[in-house]
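Engineer: Structure incoming, see below.
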4 protein chains.
Amino acid sequence: MPPTEQQNRPAEHRRGRPRSEAVERSIVEAVVKLLEEGVPLTQVSIERVARTAGVGKATIYRRWKGKEELFIDVLKDIEPVDPELPGTSVRDDLVALLESLRRRGLAKRSSALLYNVFAQMQNYPELWRAYHDTVVEARRRTGMEVVRRGIASGEIRSDLAPDLVNDLIVGPMLLRTVLRPYAELEEGLSARVVDALLEGLAPRGSERQHG
Amino acid sequence: MPPTEQQNRPAEHRRGRPRSEAVERSIVEAVVKLLEEGVPLTQVSIERVARTAGVGKATIYRRWKGKEELFIDVLKDIEPVDPELPGTSVRDDLVALLESLRRRGLAKRSSALLYNVFAQMQNYPELWRAYHDTVVEARRRTGMEVVRRGIASGEIRSDLAPDLVNDLIVGPMLLRTVLRPYAELEEGLSARVVDALLEGLAPRGSERQHG
Amino acid sequence: MPPTEQQNRPAEHRRGRPRSEAVERSIVEAVVKLLEEGVPLTQVSIERVARTAGVGKATIYRRWKGKEELFIDVLKDIEPVDPELPGTSVRDDLVALLESLRRRGLAKRSSALLYNVFAQMQNYPELWRAYHDTVVEARRRTGMEVVRRGIASGEIRSDLAPDLVNDLIVGPMLLRTVLRPYAELEEGLSARVVDALLEGLAPRGSERQHG
Amino acid sequence: MPPTEQQNRPAEHRRGRPRSEAVERSIVEAVVKLLEEGVPLTQVSIERVARTAGVGKATIYRRWKGKEELFIDVLKDIEPVDPELPGTSVRDDLVALLESLRRRGLAKRSSALLYNVFAQMQNYPELWRAYHDTVVEARRRTGMEVVRRGIASGEIRSDLAPDLVNDLIVGPMLLRTVLRPYAELEEGLSARVVDALLEGLAPRGSERQHG
DNA sequence: TAATAATCGAGACGGTACGTCGCGTCTTCTG
DNA sequence: CAGAAGACGCGACGTACCGTCTCGATTATTA
């Protein structure tokens, strides 16, 4: 379950008493529980997690190098899986994609951890890299796939770099999640974003004037 | 300089030795210095700032309620002022706006603090509110102003909510700054984003097919 | 009161808030209290002392380098002062000297610490040296003084090394204190020891037969 | 070898793999090795002994209840056997007895353990009792035997309690071993002690003056 | 010119958490 | 079954910061 583990034992045979998976779970669940109780992340200390999980501190340090590594695993536990894409049209797929982000943004504990990952970015580049590679990049790949399909099918312009297109689509939802957390991630937002992007911000027809 | 000060003395006359502005500056500069030396934010403790600035801890607490309030002021010191808008066209103004964000994203210390503000968001809502109100909202107002001008001038569609338009423009740059910090905030990016948005992702003409 | 302090500040002017003597006392008293409650020395942890004294751990470490240094000071607090010597005769002075040792041996907390000092002897030679110099040697000096007076007055043979004489007198009481702690340090023991030593173990008169 | 063993299996037949005596030896030898390397007793942890002996911790706990019980057995391994008494005269026997103590005091590892036994006296009374009964009392019995022989033969006064006499003889050597470990346990000390005791500290003849 | 009062650097103070180590028990696999 | 290995809950270790609190020493203003 926690593939990010820093001190993973090799796959081959290991001697001595094996680590208990139950303990592993109870630790991660303790963190989740604390977050759901509204405990601020800063106050989610290893000490407290150990107490909550009914576990020795060493047991935690045996598995994770510190608070951050632990949180990564928790994050993976929490992050929603790859969204179901209807496949009816590229436009609908993009809407579905944004919808999953919107729902993620509405989940309090998810955001809480996301913010913390941001905060630790400079301190633990490897950590950020880990989060980026598994969570961010995964989602990005999905997006790129849809975009490329759109280009192939003619639904999306072929003269734009696919990753730029992807960023144009995902960026606004991230902004609302991150910069305006008290604001509305209102229903229907995803569709509005996609449609506006597809049609363009400038008016259609002969009356275009910029440039 | 620090208008966020929580424990401001009344404007009227005060007795006793007045607070030294030099001390104030040296504290903020100490934080900046540490950040520039690459010290992770987590390790920028009040204790250490005091040591670096050659100042007593109480002197810091006399001015700011805690690490976070102090950081806000540092942030304001660091954040670039409102961007110069050329005013030649709305499109050029939007590009200028994004350019200022792009340059901000390239400044290491700026990002460092930004991430930390994110991290403290849930712990200190008031703090986030402060940052939001002064920094985020200020920038947002500028953007909205440009957007509204574009709608009025016909450069931007009038059937879209202005704040949605603003988010569509700013979002992608935020995404690159925040989620792909090792990636390219390459020259010319701002223009590409604005132009792609204005024209739309879907091909122009009769061949449009999404439902 | 604690002249053994390892981290003594120089006598000259020191800056910052001065250390509280009250705190110092409360720490030492906490140790004594625990000992009197019968808490085994091994379980008298710094952590527990801090809790008992209502004091932060750092406050203890600021004054003493560790458990052992602290105990030295406690020991000095507990050890009885120099015994009152009647001065009527050297024999009576010796009895008084042993009496003070006997009473010390009967005091539980005193013995507890004494044993611990023994145990730490090899680990912390400096520590033992400190205890030796202040407690052991002080007592020894007193004894030697009496012995020398006895030699001068003719009460004690002049052909024996004074320190050997002193050891002959003190040794038996130490033995009973240390090796037979459950045994009797019965009343009148001191006099019996002194008298037996003065008169000798071999019978007086013509019947002596050893080589 | 370890007759103190707390968890001895019944003498009758046991099933399964029998305990390895080699393992037993290697554990005790590991302790001795560590002591000879000058490792402070406090740092001779079960954990470390197991590591040094190349043995599982449980294997140690299967044989001894804890560090202290183990040390007792080590002590018995180290303590010199009953001294050879020449038997030529009681005086010579006493000298031989003290000599064995003197040599013990000169052996570093022996003293180290002795001190530790003292330290644990209050914590583990049973432990002390065990050490007392086997080591201390054994030596004491030997001494008492000699003393009684001396009384019978007229070499020692008959009006003194034998155990008092024994303590008078052994005490001084214990004192030098324990309280003045850096001091001289010089050659010839034993004889000097015995002779001084037999003859008495007060001058012989008509000039005696104490009351 | 003094008295008064808030400032300053320094650092002690009661706390909480850190990450490590040893305790004695337990659980796994190998001989 | 014994044995090595090592996980486990526990609790102490000594350190670092937290935010508050004295200290003596500096400045200002007010009397």
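Each chain in the structure tokens gets a letter, A, B, ..., in the order shown, and its residues are numbered from 1; ligands are numbered from 1 in order too.
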Skip Arg180 of chain D itself and residues of its chain fewer than 3 positions away, then list as JSON, numbers by chain all residues within 12 Å of it, counting only C-alpha atoms (C1' of nucleotides).
Structural biologist: {"C": [118, 121, 128, 129, 131, 132, 133, 136, 137, 140, 163, 167, 171], "D": [105, 106, 172, 173, 174, 175, 176, 177, 183, 184, 185]}
Engineer: Can you list, as a ChimeraX atom specification, every protein, DNA or RNA residue that comes within 12 Å of segment 17-26 of chain E when you count only C-alpha atoms (C1' of nucleotides), leaving out same-chain residues fewer than 6 positions away?
Structural biologist: /A:16-18,20,42-49,57-58,60-62,64-67 /D:42-49,57-58,60-62,64-67 /F:6-18
Engineer: One decimal, Å: what's the distance from atom CA of Ala138 of chain B over to atom CA of Val170 of chain B, could you say?
Structural biologist: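 Taking atom CA of Ala138 of chain B as the start and atom CA of Val170 of chain B as the end point, the length is 13.4 Å.
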Engineer: What are the closest atom pairs, with distances in Å to one decimal, for all residues of chain A lying within 8 Å of chain B? Consider only C-alpha atoms, order rows by chain and residue number, and present the result as a Markdown table.
Structural biologist:
```
| residue | atom | partner | partner_atom | distance |
| --- | --- | --- | --- | --- |
| A:Pro40 | CA | B:Asn123 | CA | 5.3 |
| A:Leu41 | CA | B:Asn123 | CA | 7.3 |
| A:Thr42 | CA | B:Asn123 | CA | 7.4 |
| A:Ser89 | CA | B:His210 | CA | 6.9 |
| A:Val90 | CA | B:His210 | CA | 7.8 |
| A:Arg91 | CA | B:His210 | CA | 6.7 |
| A:Ala112 | CA | B:Gln122 | CA | 6.9 |
| A:Tyr115 | CA | B:Ala119 | CA | 4.7 |
| A:Asn116 | CA | B:Ala119 | CA | 4.7 |
| A:Val117 | CA | B:Ala119 | CA | 7.7 |
| A:Phe118 | CA | B:Tyr115 | CA | 5.2 |
| A:Ala119 | CA | B:Tyr115 | CA | 4.6 |
| A:Gln120 | CA | B:Tyr115 | CA | 7.9 |
| A:Met121 | CA | B:Tyr115 | CA | 7.7 |
| A:Gln122 | CA | B:Pro40 | CA | 6.4 |
| A:Asn123 | CA | B:Pro40 | CA | 5.1 |
| A:His132 | CA | B:Leu179 | CA | 7.6 |
| A:Val136 | CA | B:Leu179 | CA | 7.5 |
| A:Gly154 | CA | B:Pro203 | CA | 7.4 |
| A:Glu155 | CA | B:Ala202 | CA | 5.8 |
| A:Ile156 | CA | B:Ala202 | CA | 4.5 |
| A:Arg157 | CA | B:Pro203 | CA | 4.8 |
| A:Leu160 | CA | B:Ala196 | CA | 7.7 |
| A:Leu164 | CA | B:Val193 | CA | 7.7 |
| A:Val165 | CA | B:Leu201 | CA | 7.4 |
| A:Asp167 | CA | B:Pro172 | CA | 5.3 |
| A:Leu168 | CA | B:Pro172 | CA | 5.1 |
| A:Ile169 | CA | B:Pro172 | CA | 7.7 |
| A:Val170 | CA | B:Pro172 | CA | 7.2 |
| A:Gly171 | CA | B:Gly171 | CA | 4.1 |
| A:Pro172 | CA | B:Gly171 | CA | 4.1 |
| A:Met173 | CA | B:Gly171 | CA | 7.3 |
| A:Leu174 | CA | B:Leu175 | CA | 6.8 |
| A:Leu175 | CA | B:Gly171 | CA | 5.2 |
| A:Arg176 | CA | B:Asp167 | CA | 7.6 |
| A:Val178 | CA | B:Phe118 | CA | 7.7 |
| A:Leu179 | CA | B:Val136 | CA | 7.6 |
| A:Val193 | CA | B:Leu168 | CA | 7.5 |
| A:Ala196 | CA | B:Gly200 | CA | 7.7 |
| A:Leu197 | CA | B:Gly200 | CA | 5.5 |
| A:Leu198 | CA | B:Leu201 | CA | 4.4 |
| A:Glu199 | CA | B:Gly200 | CA | 4.8 |
| A:Gly200 | CA | B:Gly200 | CA | 3.2 |
| A:Leu201 | CA | B:Leu198 | CA | 4.4 |
| A:Ala202 | CA | B:Ile156 | CA | 4.5 |
| A:Pro203 | CA | B:Arg157 | CA | 4.8 |
| A:Arg208 | CA | B:Glu155 | CA | 6.8 |
| A:Gln209 | CA | B:Glu155 | CA | 6.2 |
| A:His210 | CA | B:Glu155 | CA | 6.1 |
| A:Gly211 | CA | B:Arg91 | CA | 7.6 |
```
Engineer: Counting only C-alpha atoms (C1' of nucleotides), what is within 8 Å of DG14 of chain E, bar same-chain residues fewer than 6 positions away, as a PyMOL selection string?
Structural biologist: chain C and resi 54-56
Engineer: Store the residues of this selection in a file with N, CA and C atoms, as a compact mmCIF listing (two decimals), in the first residue's frame.
Structural biologist:
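Here's the written file out_8.txt:
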```txt
# COMPACT_ATOMS: atom_id res chain seq x y z
N GLY C 54 7.86 20.37 38.69
CA GLY C 54 7.09 21.33 37.91
C GLY C 54 8.00 22.24 37.13
N VAL C 55 8.92 21.64 36.45
CA VAL C 55 10.02 22.38 35.83
C VAL C 55 10.28 21.78 34.44
N GLY C 56 10.75 22.60 33.51
CA GLY C 56 11.10 22.07 32.20
C GLY C 56 12.40 21.30 32.25
```
